[in-house]
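Undergrad: What follows is protein-v2.pdb, PDB, C-alpha atoms and all ligand atoms.
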```pdb
ATOM      1  CA  MET N   1      33.585-198.264  16.981
ATOM      2  CA  HIS N   2      31.105-200.309  19.001
ATOM      3  CA  TYR N   3      32.519-200.236  22.505
ATOM      4  CA  HIS N   4      30.459-200.073  25.667
ATOM      5  CA  PRO N   5      32.738-199.308  28.605
ATOM      6  CA  LYS N   6      31.717-199.785  32.220
ATOM      7  CA  SER N   7      30.823-196.515  33.910
ATOM      8  CA  ASP N   8      33.796-196.848  36.283
ATOM      9  CA  LEU N   9      36.308-197.607  33.475
ATOM     10  CA  LEU N  10      38.686-194.810  34.495
ATOM     11  CA  ASN N  11      38.206-194.743  38.282
ATOM     12  CA  HIS N  12      41.475-193.768  40.014
ATOM     13  CA  ARG N  13      43.115-192.924  36.675
ATOM     14  CA  ILE N  14      44.935-189.622  36.261
ATOM     15  CA  ILE N  15      44.917-188.362  32.677
ATOM     16  CA  LEU N  16      46.419-185.297  30.997
ATOM     17  CA  VAL N  17      44.687-183.933  27.883
ATOM     18  CA  THR N  18      46.339-181.284  25.695
ATOM     19  CA  GLY N  19      44.159-178.876  23.739
ATOM     20  CA  ALA N  20      41.517-179.569  26.376
ATOM     21  CA  GLY N  21      39.715-176.248  25.988
ATOM     22  CA  ASP N  22      37.926-176.873  22.712
ATOM     23  CA  GLY N  23      36.882-179.386  20.079
ATOM     24  CA  ILE N  24      37.800-183.036  20.500
ATOM     25  CA  GLY N  25      40.102-182.401  23.480
ATOM     26  CA  ARG N  26      37.348-180.690  25.456
ATOM     27  CA  GLU N  27      34.981-183.581  24.854
ATOM     28  CA  ALA N  28      37.679-186.137  25.724
ATOM     29  CA  ALA N  29      38.464-184.387  29.017
ATOM     30  CA  LEU N  30      34.781-184.231  30.010
ATOM     31  CA  THR N  31      34.268-187.857  28.962
ATOM     32  CA  TYR N  32      37.294-189.131  30.901
ATOM     33  CA  ALA N  33      36.067-187.243  33.983
ATOM     34  CA  ARG N  34      32.584-188.763  33.575
ATOM     35  CA  PHE N  35      34.117-192.239  33.535
ATOM     36  CA  GLY N  36      35.903-191.589  36.818
ATOM     37  CA  ALA N  37      39.287-190.095  35.895
ATOM     38  CA  GLN N  38      40.970-187.145  37.470
ATOM     39  CA  VAL N  39      41.924-184.939  34.533
ATOM     40  CA  ILE N  40      44.628-182.367  34.004
ATOM     41  CA  LEU N  41      43.615-179.863  31.339
ATOM     42  CA  LEU N  42      46.424-178.286  29.339
ATOM     43  CA  GLY N  43      45.829-175.725  26.615
ATOM     44  CA  ARG N  44      46.454-172.296  25.239
ATOM     45  CA  THR N  45      43.418-170.312  26.423
ATOM     46  CA  GLU N  46      43.041-170.324  30.203
ATOM     47  CA  SER N  47      39.398-169.163  30.165
ATOM     48  CA  LYS N  48      38.407-172.161  28.007
ATOM     49  CA  LEU N  49      40.230-174.550  30.355
ATOM     50  CA  ALA N  50      38.524-172.898  33.343
ATOM     51  CA  SER N  51      35.127-173.427  31.737
ATOM     52  CA  VAL N  52      35.834-177.162  31.292
ATOM     53  CA  GLN N  53      37.065-177.293  34.896
ATOM     54  CA  GLN N  54      33.839-175.623  36.059
ATOM     55  CA  GLU N  55      31.700-178.021  34.062
ATOM     56  CA  ILE N  56      33.470-180.946  35.741
ATOM     57  CA  ALA N  57      32.932-179.379  39.166
ATOM     58  CA  ALA N  58      29.254-178.703  38.423
ATOM     59  CA  ARG N  59      28.770-182.403  37.666
ATOM     60  CA  HIS N  60      30.428-183.305  41.015
ATOM     61  CA  LEU N  61      33.176-185.295  39.282
ATOM     62  CA  ARG N  62      36.753-185.524  40.507
ATOM     63  CA  PRO N  63      38.190-181.982  40.512
ATOM     64  CA  ALA N  64      40.309-181.138  37.480
ATOM     65  CA  PHE N  65      43.618-179.277  37.407
ATOM     66  CA  ILE N  66      44.364-176.733  34.701
ATOM     67  CA  TYR N  67      47.673-175.658  33.168
ATOM     68  CA  ALA N  68      47.787-172.912  30.547
ATOM     69  CA  LEU N  69      50.644-173.291  28.072
ATOM     70  CA  ASP N  70      51.032-172.051  24.506
ATOM     71  CA  LEU N  71      52.733-174.921  22.694
ATOM     72  CA  LEU N  72      53.723-172.534  19.894
ATOM     73  CA  THR N  73      56.281-170.846  22.145
ATOM     74  CA  ALA N  74      56.879-173.629  24.695
ATOM     75  CA  SER N  75      60.529-174.509  25.385
ATOM     76  CA  GLN N  76      62.002-177.668  26.856
ATOM     77  CA  GLN N  77      62.203-175.843  30.223
ATOM     78  CA  ASP N  78      58.504-174.937  30.013
ATOM     79  CA  CYS N  79      57.657-178.597  29.412
ATOM     80  CA  GLN N  80      59.866-179.607  32.330
ATOM     81  CA  ARG N  81      57.956-177.116  34.499
ATOM     82  CA  VAL N  82      54.681-178.757  33.437
ATOM     83  CA  ALA N  83      56.028-182.107  34.646
ATOM     84  CA  GLU N  84      57.223-180.580  37.929
ATOM     85  CA  GLN N  85      53.834-178.972  38.587
ATOM     86  CA  ILE N  86      52.003-182.199  37.774
ATOM     87  CA  ALA N  87      54.346-184.145  40.079
ATOM     88  CA  ALA N  88      53.404-181.706  42.854
ATOM     89  CA  TRP N  89      49.696-182.365  42.218
ATOM     90  CA  VAL N  90      49.602-186.132  41.618
ATOM     91  CA  PRO N  91      51.850-189.187  42.213
ATOM     92  CA  HIS N  92      51.871-190.455  38.614
ATOM     93  CA  LEU N  93      50.135-190.215  35.230
ATOM     94  CA  ASP N  94      48.065-193.097  33.848
ATOM     95  CA  GLY N  95      47.296-191.435  30.550
ATOM     96  CA  VAL N  96      48.337-188.615  28.245
ATOM     97  CA  LEU N  97      46.232-187.627  25.246
ATOM     98  CA  HIS N  98      48.245-185.437  22.886
ATOM     99  CA  ASN N  99      45.364-183.772  21.115
ATOM    100  CA  ALA N 100      46.358-180.111  20.626
ATOM    101  CA  GLY N 101      47.093-179.446  16.998
ATOM    102  CA  LEU N 102      47.636-176.637  14.509
ATOM    103  CA  LEU N 103      46.441-176.509  10.919
ATOM    104  CA  THR N 104      47.364-173.525   8.728
ATOM    105  CA  ASP N 105      46.235-172.632   5.186
ATOM    106  CA  ILE N 106      45.608-175.462   2.734
ATOM    107  CA  THR N 107      48.087-174.532   0.022
ATOM    108  CA  PRO N 108      50.574-176.201  -2.358
ATOM    109  CA  MET N 109      54.030-177.035  -0.973
ATOM    110  CA  ALA N 110      55.619-174.479  -3.287
ATOM    111  CA  GLU N 111      53.640-171.689  -1.609
ATOM    112  CA  ILE N 112      53.844-172.605   2.067
ATOM    113  CA  LYS N 113      55.174-169.723   4.164
ATOM    114  CA  LEU N 114      58.252-170.819   6.088
ATOM    115  CA  GLN N 115      56.794-169.419   9.336
ATOM    116  CA  ASP N 116      53.618-171.526   8.887
ATOM    117  CA  TRP N 117      55.761-174.616   8.315
ATOM    118  CA  MET N 118      57.790-173.861  11.477
ATOM    119  CA  ASP N 119      54.673-173.173  13.566
ATOM    120  CA  VAL N 120      52.960-176.412  12.558
ATOM    121  CA  MET N 121      56.112-178.421  13.279
ATOM    122  CA  GLN N 122      56.559-176.649  16.630
ATOM    123  CA  VAL N 123      53.026-177.344  17.898
ATOM    124  CA  ASN N 124      52.353-180.748  16.326
ATOM    125  CA  VAL N 125      55.815-182.320  16.553
ATOM    126  CA  ASN N 126      58.378-180.446  18.663
ATOM    127  CA  ALA N 127      56.168-179.480  21.602
ATOM    128  CA  THR N 128      54.535-182.913  21.548
ATOM    129  CA  PHE N 129      57.989-184.502  21.709
ATOM    130  CA  MET N 130      59.245-182.177  24.475
ATOM    131  CA  LEU N 131      56.129-182.738  26.595
ATOM    132  CA  THR N 132      56.350-186.487  26.090
ATOM    133  CA  GLN N 133      59.992-186.531  27.153
ATOM    134  CA  ALA N 134      59.204-184.478  30.268
ATOM    135  CA  LEU N 135      56.173-186.583  31.223
ATOM    136  CA  LEU N 136      57.608-190.071  30.596
ATOM    137  CA  PRO N 137      58.982-190.498  34.161
ATOM    138  CA  LEU N 138      55.519-189.767  35.613
ATOM    139  CA  MET N 139      53.904-192.207  33.173
ATOM    140  CA  LEU N 140      56.397-194.946  34.024
ATOM    141  CA  LYS N 141      55.437-194.593  37.712
ATOM    142  CA  SER N 142      51.990-195.974  36.817
ATOM    143  CA  ALA N 143      51.630-199.785  36.663
ATOM    144  CA  SER N 144      49.785-199.396  33.365
ATOM    145  CA  SER N 145      49.815-196.179  31.393
ATOM    146  CA  SER N 146      48.568-195.122  27.970
ATOM    147  CA  LEU N 147      50.141-192.529  25.702
ATOM    148  CA  VAL N 148      47.911-191.497  22.822
ATOM    149  CA  PHE N 149      48.940-189.266  19.912
ATOM    150  CA  THR N 150      46.530-187.692  17.444
ATOM    151  CA  THR N 151      47.113-188.370  13.785
ATOM    152  CA  SER N 152      45.091-187.791  10.618
ATOM    153  CA  SER N 153      44.361-189.602   7.375
ATOM    154  CA  VAL N 154      46.880-187.238   5.723
ATOM    155  CA  GLY N 155      49.504-188.541   8.148
ATOM    156  CA  ARG N 156      49.303-191.933   6.462
ATOM    157  CA  GLU N 157      48.899-190.957   2.836
ATOM    158  CA  GLY N 158      49.978-187.524   1.581
ATOM    159  CA  ARG N 159      47.356-185.319  -0.052
ATOM    160  CA  SER N 160      47.987-182.229  -2.158
ATOM    161  CA  GLY N 161      47.654-178.960  -0.255
ATOM    162  CA  TRP N 162      48.010-180.475   3.216
ATOM    163  CA  GLY N 163      51.754-179.660   3.346
ATOM    164  CA  ALA N 164      53.209-179.102   6.801
ATOM    165  CA  TYR N 165      50.175-180.517   8.615
ATOM    166  CA  ALA N 166      50.395-183.818   6.705
ATOM    167  CA  VAL N 167      54.156-184.043   7.245
ATOM    168  CA  SER N 168      53.705-183.299  10.972
ATOM    169  CA  LYS N 169      51.187-186.143  11.258
ATOM    170  CA  PHE N 170      53.561-188.568   9.472
ATOM    171  CA  ALA N 171      56.116-187.519  12.125
ATOM    172  CA  THR N 172      53.528-188.165  14.828
ATOM    173  CA  GLU N 173      52.971-191.695  13.523
ATOM    174  CA  GLY N 174      56.759-192.202  13.561
ATOM    175  CA  MET N 175      57.088-190.888  17.116
ATOM    176  CA  MET N 176      54.360-193.289  18.220
ATOM    177  CA  GLN N 177      56.030-196.298  16.540
ATOM    178  CA  VAL N 178      59.481-195.573  17.982
ATOM    179  CA  LEU N 179      58.157-195.042  21.514
ATOM    180  CA  ALA N 180      55.926-198.119  21.345
ATOM    181  CA  GLU N 181      58.888-200.272  20.349
ATOM    182  CA  GLU N 182      61.085-198.760  23.072
ATOM    183  CA  HIS N 183      58.483-199.442  25.742
ATOM    184  CA  LYS N 184      57.103-202.806  24.697
ATOM    185  CA  HIS N 185      58.508-204.429  27.866
ATOM    186  CA  THR N 186      57.252-201.720  30.232
ATOM    187  CA  GLY N 187      53.750-200.925  31.462
ATOM    188  CA  LEU N 188      53.462-198.089  28.919
ATOM    189  CA  ARG N 189      51.489-198.547  25.716
ATOM    190  CA  VAL N 190      51.689-196.015  22.892
ATOM    191  CA  ASN N 191      49.148-195.609  20.102
ATOM    192  CA  CYS N 192      47.650-193.084  17.686
ATOM    193  CA  ILE N 193      44.064-192.054  17.056
ATOM    194  CA  ASN N 194      42.898-190.703  13.725
ATOM    195  CA  PRO N 195      39.610-188.987  14.675
ATOM    196  CA  GLY N 196      38.381-188.835  11.068
ATOM    197  CA  GLY N 197      36.376-185.808   9.928
ATOM    198  CA  THR N 198      34.811-184.386  13.101
ATOM    199  CA  ARG N 199      32.660-181.291  13.670
ATOM    200  CA  THR N 200      35.096-178.780  15.266
ATOM    201  CA  GLY N 201      36.561-175.352  14.613
ATOM    202  CA  MET N 202      39.627-176.837  12.925
ATOM    203  CA  ARG N 203      37.501-178.915  10.584
ATOM    204  CA  ALA N 204      35.360-175.875   9.673
ATOM    205  CA  SER N 205      38.490-173.909   8.773
ATOM    206  CA  ALA N 206      39.662-176.677   6.401
ATOM    207  CA  PHE N 207      36.266-177.408   4.811
ATOM    208  CA  PRO N 208      34.110-174.264   5.205
ATOM    209  CA  ASP N 209      31.583-175.376   2.572
ATOM    210  CA  GLU N 210      30.900-178.959   3.597
ATOM    211  CA  ASN N 211      27.636-180.128   5.125
ATOM    212  CA  LYS N 212      28.426-180.104   8.858
ATOM    213  CA  ASP N 213      25.343-182.163   9.693
ATOM    214  CA  LYS N 214      26.973-185.129   7.952
ATOM    215  CA  LEU N 215      29.992-184.996  10.258
ATOM    216  CA  LYS N 216      30.349-186.943  13.486
ATOM    217  CA  THR N 217      30.564-184.803  16.609
ATOM    218  CA  PRO N 218      33.405-185.119  19.132
ATOM    219  CA  ALA N 219      30.984-186.993  21.428
ATOM    220  CA  ASP N 220      30.298-189.587  18.688
ATOM    221  CA  ILE N 221      33.966-190.600  18.484
ATOM    222  CA  MET N 222      34.598-190.973  22.225
ATOM    223  CA  PRO N 223      34.339-194.804  22.378
ATOM    224  CA  LEU N 224      37.868-195.194  20.925
ATOM    225  CA  TYR N 225      39.214-192.431  23.177
ATOM    226  CA  LEU N 226      37.838-194.333  26.185
ATOM    227  CA  TYR N 227      38.999-197.736  24.951
ATOM    228  CA  LEU N 228      42.610-196.571  24.630
ATOM    229  CA  MET N 229      42.681-195.045  28.142
ATOM    230  CA  GLY N 230      41.087-198.004  29.941
ATOM    231  CA  ASP N 231      42.234-201.509  30.839
ATOM    232  CA  ASP N 232      40.554-203.122  27.803
ATOM    233  CA  SER N 233      43.404-201.861  25.586
ATOM    234  CA  ARG N 234      46.155-202.965  27.968
ATOM    235  CA  ARG N 235      47.925-205.167  25.424
ATOM    236  CA  LYS N 236      47.585-202.832  22.448
ATOM    237  CA  THR N 237      50.651-200.825  21.490
ATOM    238  CA  GLY N 238      52.223-199.434  18.330
ATOM    239  CA  ILE N 239      48.875-199.190  16.533
ATOM    240  CA  SER N 240      47.288-196.311  14.614
ATOM    241  CA  PHE N 241      43.538-196.565  15.254
ATOM    242  CA  ASP N 242      40.626-194.976  13.370
ATOM    243  CA  ALA N 243      37.823-193.488  15.463
ATOM    244  CA  GLN N 244      35.626-193.778  12.353
ATOM    245  CA  PRO N 245      36.779-196.949  10.592
ATOM    246  CA  GLY N 246      35.844-197.079   6.922
ATOM    247  CA  ARG N 247      35.172-193.344   6.629
ATOM    248  CA  LYS N 248      36.336-191.945   3.276
ATOM    249  CA  ALA N 249      38.738-188.982   3.748
ATOM    250  CA  GLY N 250      37.687-185.598   2.345
ATOM    251  CA  PRO N 251      34.681-183.298   2.658
ATOM    252  CA  ALA N 252      31.310-184.571   3.883
ATOM    253  CA  GLU N 253      28.616-184.253   1.196
TER
HETATM  254  P1  LIG N 301      40.284-177.552  17.443
HETATM  255  O1  LIG N 301      40.993-176.497  16.681
HETATM  256  O2  LIG N 301      38.810-177.524  17.555
HETATM  257  O3  LIG N 301      40.897-177.646  18.916
HETATM  258  C1  LIG N 301      42.282-177.721  19.078
HETATM  259  C2  LIG N 301      42.655-177.493  20.521
HETATM  260  O4  LIG N 301      44.088-177.438  20.578
HETATM  261  C3  LIG N 301      42.119-176.179  21.060
HETATM  262  O5  LIG N 301      41.710-176.342  22.393
HETATM  263  C4  LIG N 301      43.335-175.254  20.952
HETATM  264  O6  LIG N 301      43.384-174.252  21.918
HETATM  265  C5  LIG N 301      44.465-176.235  21.201
HETATM  266  N1  LIG N 301      45.685-175.667  20.661
HETATM  267  C6  LIG N 301      45.918-175.253  19.392
HETATM  268  N2  LIG N 301      47.111-174.677  19.318
HETATM  269  C7  LIG N 301      47.639-174.712  20.568
HETATM  270  C8  LIG N 301      48.835-174.225  21.145
HETATM  271  N3  LIG N 301      49.715-173.537  20.438
HETATM  272  N4  LIG N 301      49.061-174.448  22.459
HETATM  273  C9  LIG N 301      48.162-175.094  23.209
HETATM  274  N5  LIG N 301      46.989-175.544  22.734
HETATM  275  C10 LIG N 301      46.738-175.346  21.422
HETATM  276  O7  LIG N 301      40.793-178.926  16.793
HETATM  277  P2  LIG N 301      40.140-180.392  16.773
HETATM  278  O8  LIG N 301      39.461-180.675  18.056
HETATM  279  O9  LIG N 301      39.427-180.553  15.493
HETATM  280  O10 LIG N 301      41.480-181.264  16.648
HETATM  281  C11 LIG N 301      42.027-182.018  17.708
HETATM  282  C12 LIG N 301      43.106-182.915  17.121
HETATM  283  O11 LIG N 301      42.528-183.813  16.168
HETATM  284  C13 LIG N 301      44.213-182.166  16.368
HETATM  285  O12 LIG N 301      45.453-182.767  16.649
HETATM  286  C14 LIG N 301      43.842-182.357  14.903
HETATM  287  O13 LIG N 301      44.976-182.288  14.076
HETATM  288  C15 LIG N 301      43.233-183.745  14.947
HETATM  289  N6  LIG N 301      42.304-184.062  13.855
HETATM  290  C16 LIG N 301      41.091-183.441  13.769
HETATM  291  C17 LIG N 301      40.201-183.771  12.757
HETATM  292  C18 LIG N 301      38.851-183.111  12.631
HETATM  293  O14 LIG N 301      38.148-183.394  11.653
HETATM  294  N7  LIG N 301      38.424-182.265  13.554
HETATM  295  C19 LIG N 301      40.536-184.800  11.755
HETATM  296  C20 LIG N 301      41.835-185.400  11.936
HETATM  297  C21 LIG N 301      42.674-185.040  12.957
HETATM  298  P3  LIG N 301      42.419-172.944  21.853
HETATM  299  O15 LIG N 301      41.120-173.439  22.386
HETATM  300  O16 LIG N 301      43.075-171.974  22.721
HETATM  301  O17 LIG N 301      42.336-172.550  20.419
END
```
Starting from the coordinates I provided, produce the structure as structure tokens.
TA:
Amino acid sequence: MHYHPKSDLLNHRIILVTGAGDGIGREAALTYARFGAQVILLGRTESKLASVQQEIAARHLRPAFIYALDLLTASQQDCQRVAEQIAAWVPHLDGVLHNAGLLTDITPMAEIKLQDWMDVMQVNVNATFMLTQALLPLMLKSASSSLVFTTSSVGREGRSGWGAYAVSKFATEGMMQVLAEEHKHTGLRVNCINPGGTRTGMRASAFPDENKDKLKTPADIMPLYLYLMGDDSRRKTGISFDAQPGRKAGPAE
């Protein structure tokens, strides 16, 4: 995507990023902070969140908050507590990037372990839903807020072996469409991003043998992540965007 945002695009914005300790989420959090946002970093591993927080402080950007939560075990009450803590820190939320995700073994449907299926649904669908429900009131307090879910090419067209992960991303697309429709007359817009193959730990676990040098890095795909959090996307809702339009799904050669 060719998008050249102004350096103050996200000034005065308050944005929560899930899975902010690593991979795409880490880069998104640092990028949002660089463009002026105050970020709230949510993730599983507190030390990784603290390192992102320190990096933001070292660059003299707006101080970040951190909240450690394992979405695999998170209950509705835990998600409510997240919202209560955020409400104690800040008056509203202008953006939420649901980025945390779980991918288990690539294996045929017939062989998927039930626990793997449950875990993927819990992290990618149930926890995402529960967090969204808890955070909606804070988002609706902003005059213009952006809710972004993370999808995948296998969430639009099923592919053999991608089982629970693919089904969870179809559910994510559905959640986005329903919410977008429900909020089309409010200040909240709701969209999905498909990052496309991107050089991260998750990608390496799915395609250990591909040529990593041919993959985009998280930093390369940030233009779309910025576009959807800033005012330039104000009228866009209910859309599933590609961070790498035209990229063919599958391993990089
Ligand atoms: P990574 O595995 O590199 O990072 C995922 C992040 O999510 C990590 O910070 C991880 O925490 C966090 N996370 C995972 N499980 C939990 C949990 N139970 N509770 C809280 N946080 C958790 O993944 P990517 O950056 O590659 O992926 C980001 C998103 O993009 C995902 O939704 C993925 O499905 C999607 N995606 C990625 C593609 C790619 O090629 N990379 C392609 C298409 C979609 P921790 O650091 O503690 O492990």
Undergrad: Can you list, as a list in words, the residues that the PyMOL selection byres (((chain N and resi 47-63) around 6) and not hetatm) selects here?
TA: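 Applied to this file, the PyMOL selection byres (((chain N and resi 47-63) around 6) and not hetatm) returns Gly21, Gln38, Thr45, Glu46 and Ala64 of chain N.
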Undergrad: The selected residues should be written to file as an mmCIF file, in the frame of the given file (atoms: C-alpha atoms).
TA:
```
data_model
loop_
_atom_site.group_PDB
_atom_site.id
_atom_site.type_symbol
_atom_site.label_atom_id
_atom_site.label_comp_id
_atom_site.auth_asym_id
_atom_site.auth_seq_id
_atom_site.Cartn_x
_atom_site.Cartn_y
_atom_site.Cartn_z
ATOM 1 C CA GLY N 21 39.715 -176.248 25.988
ATOM 2 C CA GLN N 38 40.970 -187.145 37.470
ATOM 3 C CA THR N 45 43.418 -170.312 26.423
ATOM 4 C CA GLU N 46 43.041 -170.324 30.203
ATOM 5 C CA ALA N 64 40.309 -181.138 37.480
#
```
Undergrad: List all protein, DNA and RNA residues that have at least one atom no more than 7 Å from any atom of ligand LIG 301 (chain N), counting only C-alpha atoms and all ligand atoms, and write them as a VMD selection string.
TA: chain N and resid 18 to 26 43 to 45 48 69 to 72 99 to 103 123 150 to 153 194 to 203
Undergrad: Output the residue selection produced by the PyMOL selection byres (((chain N and resi 76) around 9) and not hetatm) on the file above, formatted as an MDAnalysis selection string.
TA: chainID N and resid 74:75 77:81 127 130:131 134
Undergrad: Limited to C-alpha atoms, could you put the picked residues into a file as an mmCIF file, in the coordinates of the input?
TA:
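Saved as part08.cif:
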```cif
data_model
loop_
_atom_site.group_PDB
_atom_site.id
_atom_site.type_symbol
_atom_site.label_atom_id
_atom_site.label_comp_id
_atom_site.auth_asym_id
_atom_site.auth_seq_id
_atom_site.Cartn_x
_atom_site.Cartn_y
_atom_site.Cartn_z
ATOM 1 C CA ALA N 74 56.879 -173.629 24.695
ATOM 2 C CA SER N 75 60.529 -174.509 25.385
ATOM 3 C CA GLN N 77 62.203 -175.843 30.223
ATOM 4 C CA ASP N 78 58.504 -174.937 30.013
ATOM 5 C CA CYS N 79 57.657 -178.597 29.412
ATOM 6 C CA GLN N 80 59.866 -179.607 32.330
ATOM 7 C CA ARG N 81 57.956 -177.116 34.499
ATOM 8 C CA ALA N 127 56.168 -179.480 21.602
ATOM 9 C CA MET N 130 59.245 -182.177 24.475
ATOM 10 C CA LEU N 131 56.129 -182.738 26.595
ATOM 11 C CA ALA N 134 59.204 -184.478 30.268
#
```
Undergrad: Just the number, please: distance in Å from atom CA of Arg234 of chain N to atom CA of Ala83 of chain N, one decimal.
TA: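 Atom CA of Arg234 of chain N sits 24.0 Å away from atom CA of Ala83 of chain N.
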Undergrad: Counting only C-alpha atoms, figure out which residue out of N:Thr237, N:Met118, N:Ala171, N:Gly155 gets nearest to His183 of chain N.
TA: N:Thr237
Undergrad: Quick check, in Å to one decimal: how far apart do atom CA of Ala166 of chain N and atom CA of Val154 of chain N lie?
TA: 5.0 Å
Undergrad: Could you list the residues chosen by the PyMOL selection byres (((chain N and resi 159) around 12) and not hetatm) in this structure as a PyMOL selection string?
TA: chain N and resi 106-109+152-158+160-167+169-170+249-250
Undergrad: Quick one: of N:Lys184, N:Lys216, N:His98, N:Arg247, who's nearest to Leu135 of chain N, counting only C-alpha atoms?
TA: N:His98
Undergrad: Tell me which protein, DNA and RNA residues are within 10 Å of segment 6-15 of chain N, counting all atoms listed in the file, leaving out same-chain ones fewer than 3 positions away, and put them as a short mmCIF file (atom, residue, chain, number, x, y, z; two decimals) with C-alpha atoms, in the coordinates of the input.
TA:
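Final file, part09.cif:
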```
data_model
loop_
_atom_site.label_atom_id
_atom_site.label_comp_id
_atom_site.auth_asym_id
_atom_site.auth_seq_id
_atom_site.Cartn_x
_atom_site.Cartn_y
_atom_site.Cartn_z
CA TYR N 3 32.52 -200.24 22.50
CA ALA N 29 38.46 -184.39 29.02
CA THR N 31 34.27 -187.86 28.96
CA TYR N 32 37.29 -189.13 30.90
CA ALA N 33 36.07 -187.24 33.98
CA ARG N 34 32.58 -188.76 33.58
CA PHE N 35 34.12 -192.24 33.53
CA GLY N 36 35.90 -191.59 36.82
CA ALA N 37 39.29 -190.10 35.90
CA GLN N 38 40.97 -187.14 37.47
CA VAL N 39 41.92 -184.94 34.53
CA ILE N 40 44.63 -182.37 34.00
CA LEU N 41 43.62 -179.86 31.34
CA ARG N 62 36.75 -185.52 40.51
CA ALA N 64 40.31 -181.14 37.48
CA VAL N 90 49.60 -186.13 41.62
CA PRO N 91 51.85 -189.19 42.21
CA HIS N 92 51.87 -190.46 38.61
CA LEU N 93 50.14 -190.22 35.23
CA ASP N 94 48.06 -193.10 33.85
CA GLY N 95 47.30 -191.44 30.55
CA VAL N 96 48.34 -188.62 28.24
CA LEU N 97 46.23 -187.63 25.25
CA MET N 139 53.90 -192.21 33.17
CA SER N 142 51.99 -195.97 36.82
CA SER N 144 49.78 -199.40 33.36
CA SER N 145 49.82 -196.18 31.39
CA SER N 146 48.57 -195.12 27.97
CA LEU N 147 50.14 -192.53 25.70
CA LEU N 226 37.84 -194.33 26.18
CA TYR N 227 39.00 -197.74 24.95
CA MET N 229 42.68 -195.04 28.14
CA GLY N 230 41.09 -198.00 29.94
CA ASP N 231 42.23 -201.51 30.84
CA ASP N 232 40.55 -203.12 27.80
#
```
Undergrad: So, counting only C-alpha atoms, which residue among N:Asn211, N:Thr186, N:Thr217, N:Gln115 is closest to Arg235 of chain N?
TA: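 Among the listed residues, N:Thr186 lies closest to Arg235 of chain N.
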Undergrad: Under the rule that all atoms listed in the file are counted, which of N:Leu224, N:Ala28, N:Ile112, N:Ile239 is the nearest residue to Met176 of chain N?
TA: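 Checking each of N:Leu224, N:Ala28, N:Ile112, N:Ile239 against Met176 of chain N, counting all atoms listed in the file, the winner is N:Ile239.
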Undergrad: Around (42.6, -193.4, 17.9) in the file's frame, which residues reach within 6 Å when counting all atoms listed in the file? Return as a list of chain:residue names?
TA: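 Output of the proximity query reads N:Cys192, N:Ile193, N:Asn194, N:Leu224, N:Phe241, N:Asp242, N:Ala243.
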Undergrad: Mind pulling up the distance from atom CA of Leu136 of chain N to atom CA of Glu181 of chain N?
TA: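 Here the two named atoms are 14.5 Å from each other.
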Undergrad: Between N:Val82, N:Val17, N:Val178, N:Leu114, which has the minimum distance to Val190 of chain N (counting only C-alpha atoms)?
TA: N:Val178
Undergrad: Calculated over all atoms listed in the file, which of the candidates N:His4, N:Ala204, N:Gly238, N:Gln244 has the smallest distance to Asp220 of chain N?
TA: N:Gln244
Undergrad: Is it possible to get the axis-aligned box enclosing segment 142-161 of chain N (all listed atoms, 8 Å extra per side) as JSON, with centre and edge lengths in Å rounded to one decimal?
TA:
```
{"center_x": 48.2, "center_y": -189.4, "center_z": 17.3, "size_x": 23.6, "size_y": 36.8, "size_z": 55.0}
```
Undergrad: Neighbouring residues of Trp89 of chain N were defined as those with any atom within 9 Å, considering all atoms listed in the file; residues of the same chain fewer than 4 positions away were excluded. Please report them as number ranges by chain.
TA: N: 65, 84-85
